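Each remark here refers to the structure printed beneath this line.
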Protein chains: 2
Amino acid sequence: MKIIVDAFGGDNSPSSVIKGTVAALDAKKGFSVVLTGDEKTTRDLLTAENADFSRIEIIHAPEIITCEEAPATAVKAKKNSSIVKGFEALNTDPDAAGFVSCGSTGAVLTAAIMYTKRIGNIRRASLTPVLPTIKGGNVVLIDSGANPECTADMLLQFAKMGSVFAEAVLDIKTPRVAILSNGTEDLKGNTLVKEAFALIKEDASLNFIGQTEGRDIMSGNIDVVVSDGFSGNIALKSSEGVALGMFDIIKQNIMAGGLRAKIGYLFLKPALKKVAKTMDYNEKGGAVLLGLNKLIIKGHGASGDKAVKSAILQAVNYAESDLVGRITKAFIS
Amino acid sequence: MKIIVDAFGGDNSPSSVIKGTVAALDAKKGFSVVLTGDEKTTRDLLTAENADFSRIEIIHAPEIITCEEAPATAVKAKKNSSIVKGFEALNTDPDAAGFVSCGSTGAVLTAAIMYTKRIGNIRRASLTPVLPTIKGGNVVLIDSGANPECTADMLLQFAKMGSVFAEAVLDIKTPRVAILSNGTEDLKGNTLVKEAFALIKEDASLNFIGQTEGRDIMSGNIDVVVSDGFSGNIALKSSEGVALGMFDIIKQNIMAGGLRAKIGYLFLKPALKKVAKTMDYNEKGGAVLLGLNKLIIKGHGASGDKAVKSAILQAVNYAESDLVGRITKAFIS
C-alpha cells in the first residue's frame, strides 16, 4: 500500500512534510510513501532525516500552487505542481491507496473534482474532519467547507456519508446524526435546514436525533453533525479560534500571575498538556474528502510534522478500513 | 430612569432575577427597576433579599411564557405574561428606558416586533451580543440569531448598526467592520456574503476591513463581525461550547492528575479564575436588540444572578449612552 504525499503543501512545507513522513513510516509498518515535489530538495531533506529510502519514492514536481492563487487557474496551469502530480499518481499507480496534502484547500478540491470521480449518485464531495468531544470521543463534522452553497438533498447525502464514515473508521454502531442549526427545537433553522430536516427524518437507514446547536457539537452526545459547508466552516473555525484563544489567555494569566501562578503552572503542566492534546486537531490528522472514488486527506495548512504524521497514518487507517469501498457500497446498491 | 425587568424569564428565574436586580441596584445609583411577574412571589423574594423598595416597582403579571411554547401563539394568548406586561410598561411608562428579559428568545423577539417600532428604514432588528477578545477587549457580533434568513441589504444595515453600537457603547472610534465568511480572501463566501461584501464595501461611512473567518472573531483585530442570524448563532454557540468544554476538560484532567495536579490547581486558581472571567459572557450581560425604537436586552436563558445584574447595568449604560437615539440619528438623516 502506498500513500501519496504532497511534499510542498502547507505553511511549514517541505520540512514539516518530510519530518512527518519519516515519523509516520517509523510508527507503522506495511506501507510506503510517494512524495511529490522538487526531487533534489525532497531527497536532501529525507537524507538529513536518515529516511528509509526503501519505503519512499519521489515524483519530481517542480511547481508549487500557493494559497494566494485562484485554484481553478492554478490547477489547470501548473501540471507539474506537487498537487497535480499527486493526483496523477493516485490515478495511475495501482498500489496508491490515498493522497495527503496540506496545501491550498481550494486547489486540492479543484484537482479532486478534475482528477477523481464522484461515487454513484453522490452530488458533491464534502470536507469531513473528526473533532474531539469533552467525553474524550470523536465527532464527525460534514461538510466543513467544500460546499458553501448546498441543497437539502446534498445534506441528506452528507448525513449518509457521515454515518458510514463514523461506522467505518470510528467504529461507532448506528451513529447518532444531527443537523447543525440555530436551536434544538424541530421548528428552528433556516429554509435549507428545515428542508433537509424533513428529508433526513424520513430516511430509515439513519439514526437521526434532530437539530443541534453549535454549543453541543463537542458534547459527546452526537456522532455526526451535518451542515452546509459555509456554516460548518464557521463552526469549525470558531471552535478552533476559541480553543487557541483560551490557551493564549491562560498563558497571559500565568505570565501575569507572578511566582504563584508560575509554580502552579509547573505542577499543572502535565494536566494542561493533556487538555491541549485533547483539543489539538493536529492529533486527529486532516479532513477526508468524502464522496470520491479515491481517498483524499486534506491536512490543516498550518500542519507541523506531528500533524503530517497523523494525516499519513490516518490515510493508512482509512484505506485499511476500506472507507471508499464502504461509501460506495452504501450509495450503489 | 427605569429599567423594566422580566422577573419570570430564564432557567433560574425568578430567584436569579430578583437577586440580580438587588445586586444591580446596590452597584449603581440613579435608576430604578420595574419587575414584571407574579406580585406576591416577587415581593416575597425581594423582602427575603432586603431589597430597597423605594427603587422598585412590581407590575403583576401572573402568566409565564416558556421556551417550549410557540412564540407567536404564546405572545398573543398570554397578555398577562411577564414578557408582554414588560413591553406594555416599556411603551406606557414615560420613564422606562429599557427592558431586560432572560426568557424565551423567540417570545421576546416576537413581542418586540409586536410592541415596538423599527427605526426609519431598518428592515429587521438584530440580536447583538458583545464578546470577549484574547486581547482583553470586546467584539460585537451582529446578528447572533434574530434573523436566520437574511438579504444583502439587511447585512449592510447590520454593519451600520453594529458600527454605531461599537462607537456608542464600546467607545471605539471608526470601528473595524468585517463580514463573517468561510475564508479571508475576497472571493470566499456563499452568495449572500458575496452580495453583502459588495454592498458594504461601497459604503464610505464604514471602516470595512473585508471577510473574516470564525477563527478570527475573538482575535481582537475586528470590532464588529457582521453575519446573518443563522451563521452568527452557530459562531456564537460553537465558541460558547468550546469555552465551556475546555473548562470541563481542564477540570477532568485536574481531577485525574493526582496530588500534583491538585496542588498546581491551588496555585493557579487565581489565574484560571481570571481566564474564566474573560471568557464568561455572563460578565458582559446580554445581547441588545438593535434597530428598534426601544432598548431591549435579551439575557442568556441560563443567566444566574451575576448575569442578570450585568444585563440590568448594561441596560442603564446603553440608555445613558443614548444608544437608540444614536442609531436613529444614523438611519434618519
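A note on labels: chains of the C-alpha cells are A, B, ... as shown, every chain counts residues from 1, and ligands are counted from 1 in their shown order.
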Contacts of segment 192-195 of chain A at 7 Å (only C-alpha atoms; same-chain gap of 5+ positions) as a list of chain:residue names: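 In the requested form, the answer reads A:Thr151, A:Ala152, A:Ser181.
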Interface list for chain A, partner chain B, 8 Å threshold, only C-alpha atoms, as a PyMOL selection string: chain A and resi 134+145+148-149+181-182+189-191+213-219+230-231+233-243+245-246+248-250+253-254+257+260-272+274-275+279
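Between atom CA of Ile122 of chain B and atom CA of Leu155 of chain B lies a distance of 10.8 Å.
The alpha helix (DSSP H) portion of segment 84-138 of chain B consists of Val84, Lys85, Gly86, Phe87, Glu88, Ala89, Leu90, Asn91, Thr92, Thr105, Gly106, Ala107, Val108, Leu109, Thr110, Ala111, Ala112, Ile113, Met114 and Tyr115 of chain B, with states taken from DSSP on the backbone.
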Residue contacts of Gly20 of chain B (10 Å, only C-alpha atoms) excluding same-chain residues fewer than 3 positions away, as a list in words: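 My list of contacting residues is Pro14, Ser15, Ser16, Val17, Ala23, Ala24, Leu25, Asp26, Ser303, Gly304, Asp305, Lys306, Ala307, Val308, Lys309, Ser310, Ala311, Ile312 and Leu313 of chain B.
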Shell of 8 Å around Ile297 of chain A, only C-alpha atoms, local chain residues under 3 positions omitted, as a list of chain:residue names: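 Result of the neighbour search: A:Gly98, A:Phe99, A:Val100, A:Ser101, A:Gly286, A:Ala287, A:Val288, A:Leu289, A:Ala311, A:Ala315.
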Keeping N, CA, C and O atoms, export the residues of the selection given above as a CSV table (one decimal), in the first residue's frame.
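For reference, part-v5.csv as written:
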```csv
chain,number,residue,atom,x,y,z
A,98,GLY,N,-4.1,6.3,-1.3
A,98,GLY,CA,-4.7,7.6,-0.8
A,98,GLY,C,-3.7,8.7,-1.1
A,98,GLY,O,-2.5,8.5,-1.3
A,99,PHE,N,-4.2,10.0,-1.0
A,99,PHE,CA,-3.4,11.1,-1.2
A,99,PHE,C,-3.5,12.1,0.0
A,99,PHE,O,-4.6,12.4,0.4
A,100,VAL,N,-2.4,12.6,0.5
A,100,VAL,CA,-2.4,13.5,1.6
A,100,VAL,C,-1.8,14.9,1.2
A,100,VAL,O,-0.7,14.9,0.6
A,101,SER,N,-2.5,16.0,1.4
A,101,SER,CA,-1.9,17.3,1.1
A,101,SER,C,-2.4,18.3,2.1
A,101,SER,O,-3.5,18.3,2.6
A,286,GLY,N,-6.1,15.1,9.3
A,286,GLY,CA,-6.8,16.1,8.5
A,286,GLY,C,-8.2,15.7,8.3
A,286,GLY,O,-8.8,14.9,8.9
A,287,ALA,N,-8.8,16.4,7.3
A,287,ALA,CA,-10.2,16.2,6.9
A,287,ALA,C,-10.2,15.3,5.7
A,287,ALA,O,-9.5,15.6,4.7
A,288,VAL,N,-11.1,14.3,5.7
A,288,VAL,CA,-11.1,13.5,4.5
A,288,VAL,C,-12.2,14.1,3.5
A,288,VAL,O,-13.2,14.7,3.9
A,289,LEU,N,-11.9,13.9,2.2
A,289,LEU,CA,-12.9,14.4,1.2
A,289,LEU,C,-13.7,13.2,0.9
A,289,LEU,O,-13.3,12.2,0.2
A,311,ALA,N,-1.8,12.7,9.7
A,311,ALA,CA,-2.6,12.6,8.5
A,311,ALA,C,-2.2,11.4,7.6
A,311,ALA,O,-3.1,10.8,7.0
A,315,ALA,N,-4.6,8.2,6.7
A,315,ALA,CA,-4.8,7.7,5.4
A,315,ALA,C,-4.6,6.2,5.3
A,315,ALA,O,-5.5,5.5,4.7
```
Nearest candidate to Asp52 of chain A (options A:Val140, A:Ile18, A:Val130, A:Ala166; using only C-alpha atoms):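 Answer, going by the shortest atom-to-atom distance: A:Ile18.
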Of the listed residues B:Ser32, B:Lys19, B:Val75, B:Phe165, that which approaches Ala48 of chain B most closely, counting only C-alpha atoms: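 Closest residue, counting only C-alpha atoms: B:Lys19.
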Backbone-only DSSP, strand (DSSP E) members of segment 41-161 of chain A, as JSON, numbers by chain: {"A": [56, 57, 58, 59, 60, 96, 97, 98, 99, 100, 101, 126, 127, 128, 130, 131, 132, 138, 139, 140, 141, 142]}
Write out, as an mmCIF file, in the first residue's frame, the residues just selected, with N, CA and C atoms.
```
data_model
loop_
_atom_site.group_PDB
_atom_site.id
_atom_site.type_symbol
_atom_site.label_atom_id
_atom_site.label_comp_id
_atom_site.auth_asym_id
_atom_site.auth_seq_id
_atom_site.Cartn_x
_atom_site.Cartn_y
_atom_site.Cartn_z
ATOM 1 N N ILE A 56 10.300 4.719 0.334
ATOM 2 C CA ILE A 56 9.950 6.054 -0.163
ATOM 3 C C ILE A 56 10.240 6.172 -1.651
ATOM 4 N N GLU A 57 9.284 6.720 -2.392
ATOM 5 C CA GLU A 57 9.535 7.122 -3.778
ATOM 6 C C GLU A 57 9.381 8.635 -3.857
ATOM 7 N N ILE A 58 10.064 9.219 -4.855
ATOM 8 C CA ILE A 58 9.866 10.654 -5.088
ATOM 9 C C ILE A 58 9.399 10.845 -6.529
ATOM 10 N N ILE A 59 8.350 11.618 -6.709
ATOM 11 C CA ILE A 59 7.924 12.004 -8.055
ATOM 12 C C ILE A 59 8.270 13.481 -8.217
ATOM 13 N N HIS A 60 9.101 13.760 -9.196
ATOM 14 C CA HIS A 60 9.560 15.135 -9.387
ATOM 15 C C HIS A 60 8.398 16.052 -9.781
ATOM 16 N N ALA A 96 -1.490 2.794 -5.170
ATOM 17 C CA ALA A 96 -1.804 4.037 -4.459
ATOM 18 C C ALA A 96 -3.129 3.890 -3.719
ATOM 19 N N ALA A 97 -3.098 4.102 -2.397
ATOM 20 C CA ALA A 97 -4.313 3.927 -1.599
ATOM 21 C C ALA A 97 -4.905 5.250 -1.148
ATOM 22 N N GLY A 98 -4.139 6.323 -1.270
ATOM 23 C CA GLY A 98 -4.671 7.606 -0.811
ATOM 24 C C GLY A 98 -3.685 8.731 -1.052
ATOM 25 N N PHE A 99 -4.177 9.965 -0.980
ATOM 26 C CA PHE A 99 -3.352 11.149 -1.209
ATOM 27 C C PHE A 99 -3.528 12.101 -0.032
ATOM 28 N N VAL A 100 -2.405 12.599 0.486
ATOM 29 C CA VAL A 100 -2.428 13.538 1.610
ATOM 30 C C VAL A 100 -1.799 14.853 1.168
ATOM 31 N N SER A 101 -2.523 15.977 1.365
ATOM 32 C CA SER A 101 -1.941 17.286 1.074
ATOM 33 C C SER A 101 -2.350 18.282 2.146
ATOM 34 N N SER A 126 -17.452 16.159 0.149
ATOM 35 C CA SER A 126 -17.502 17.008 1.340
ATOM 36 C C SER A 126 -16.222 16.866 2.155
ATOM 37 N N LEU A 127 -15.831 17.953 2.769
ATOM 38 C CA LEU A 127 -14.613 18.005 3.582
ATOM 39 C C LEU A 127 -15.012 17.648 5.009
ATOM 40 N N THR A 128 -14.452 16.553 5.505
ATOM 41 C CA THR A 128 -15.016 15.946 6.707
ATOM 42 C C THR A 128 -13.965 15.705 7.785
ATOM 43 N N VAL A 130 -12.659 15.050 11.802
ATOM 44 C CA VAL A 130 -13.089 14.414 13.053
ATOM 45 C C VAL A 130 -12.633 15.320 14.194
ATOM 46 N N LEU A 131 -13.563 15.733 15.045
ATOM 47 C CA LEU A 131 -13.241 16.667 16.126
ATOM 48 C C LEU A 131 -13.341 15.970 17.475
ATOM 49 N N PRO A 132 -12.635 16.513 18.480
ATOM 50 C CA PRO A 132 -12.708 15.911 19.816
ATOM 51 C C PRO A 132 -14.009 16.272 20.532
ATOM 52 N N ASN A 138 -15.049 11.207 19.717
ATOM 53 C CA ASN A 138 -14.922 11.894 18.436
ATOM 54 C C ASN A 138 -16.278 12.284 17.887
ATOM 55 N N VAL A 139 -16.285 13.352 17.093
ATOM 56 C CA VAL A 139 -17.493 13.717 16.370
ATOM 57 C C VAL A 139 -17.101 14.113 14.948
ATOM 58 N N VAL A 140 -17.916 13.663 13.986
ATOM 59 C CA VAL A 140 -17.667 13.929 12.569
ATOM 60 C C VAL A 140 -18.434 15.185 12.170
ATOM 61 N N LEU A 141 -17.749 16.130 11.519
ATOM 62 C CA LEU A 141 -18.433 17.324 11.006
ATOM 63 C C LEU A 141 -18.428 17.272 9.483
ATOM 64 N N ILE A 142 -19.616 17.235 8.878
ATOM 65 C CA ILE A 142 -19.718 17.095 7.426
ATOM 66 C C ILE A 142 -20.780 18.053 6.897
#
```
